[in-house]
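Participant: Sharing a structure, written as structure tokens. Questions coming.
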Amino acid sequence: MTTKPVVLIVDDEPFLLDIVRRVLVRNGYTVLSAADGSEAIALYRESDVPIAAVVLDLSMPGMDGVDTYLELRKIDENVRVLLASGYGEIDTRERAGRQLDCIGKPYSPSVLIERLERLWPGFDDDLPS
């Protein structure tokens, strides 16, 4: 069995942060979590393990998801981000002004896992043919 990658989740809503963390842990992921953009940037920069993907809330006080994404790109130009928003995927892409992978809130655990796994190459190597 392949070890699943580390995922950083960023959301200012503690309840959502906890739910997403539980879903990912239950599905075999190692999870880091941050309550805002500044904390996410610090965790990403200081992590001893490579972070394969970031689930990033679009609307947060202070540094929003787009600003956080731009700062993460300064650390790692290949950062993989799944931008999450209650605005819906099309509105989120328009607000972000970028070609980011977006997921609309609320999302189901299975959709979250599927969308995350699309972010890195070879994710489907272990799937049955």
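Labeling convention for the structure tokens: chains A, B, ... as they appear, residues from 1 per chain, ligands from 1 in order of appearance.
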Just want the 9 Å neighbourhood of Gly62 in chain A, counted on only C-alpha atoms, with same-chain residues fewer than 2 positions away dropped. Output as a ChimeraX atom specification.
Facilitator: /A:36-38,60,64
Participant: I need the residues from that last selection saved to file as an mmCIF file, in the first residue's frame (with N, CA, C and O atoms), if you can.
Facilitator:
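Saved as part.cif:
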```
data_model
loop_
_atom_site.group_PDB
_atom_site.id
_atom_site.type_symbol
_atom_site.label_atom_id
_atom_site.label_comp_id
_atom_site.auth_asym_id
_atom_site.auth_seq_id
_atom_site.Cartn_x
_atom_site.Cartn_y
_atom_site.Cartn_z
ATOM 1 N N ASP A 36 -5.682 30.313 9.356
ATOM 2 C CA ASP A 36 -5.665 31.498 8.501
ATOM 3 C C ASP A 36 -4.479 31.425 7.540
ATOM 4 O O ASP A 36 -3.641 30.520 7.623
ATOM 5 N N GLY A 37 -4.414 32.381 6.645
ATOM 6 C CA GLY A 37 -3.384 32.385 5.627
ATOM 7 C C GLY A 37 -1.977 32.510 6.180
ATOM 8 O O GLY A 37 -1.058 31.820 5.722
ATOM 9 N N SER A 38 -1.788 33.366 7.157
ATOM 10 C CA SER A 38 -0.453 33.557 7.739
ATOM 11 C C SER A 38 0.067 32.275 8.370
ATOM 12 O O SER A 38 1.239 31.904 8.204
ATOM 13 N N MET A 60 -11.421 34.334 3.895
ATOM 14 C CA MET A 60 -10.942 34.338 5.278
ATOM 15 C C MET A 60 -10.628 35.778 5.648
ATOM 16 O O MET A 60 -10.214 36.555 4.789
ATOM 17 N N ASP A 64 -6.890 36.582 2.459
ATOM 18 C CA ASP A 64 -7.851 35.646 1.874
ATOM 19 C C ASP A 64 -7.124 34.520 1.133
ATOM 20 O O ASP A 64 -5.891 34.474 1.080
#
```
Participant: Can you list, as a ChimeraX atom specification, every residue of chain A that DSSP puts in helix (DSSP H, G or I)?
Facilitator: /A:14-26,37-46,65-75,89-96,109-117,123-126
Participant: CA of Ser47 in chain A to CA of Val79 in chain A: how many Å, to one decimal?
Facilitator: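 These atoms are spaced 13.5 Å apart.
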Participant: Under the rule that only C-alpha atoms are counted, which of A:Tyr44, A:Val7, A:Arg80, A:Glu39 is the nearest residue to Arg21 in chain A?
Facilitator: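 Comparing A:Tyr44, A:Val7, A:Arg80, A:Glu39 against Arg21 in chain A, the winner is A:Val7.
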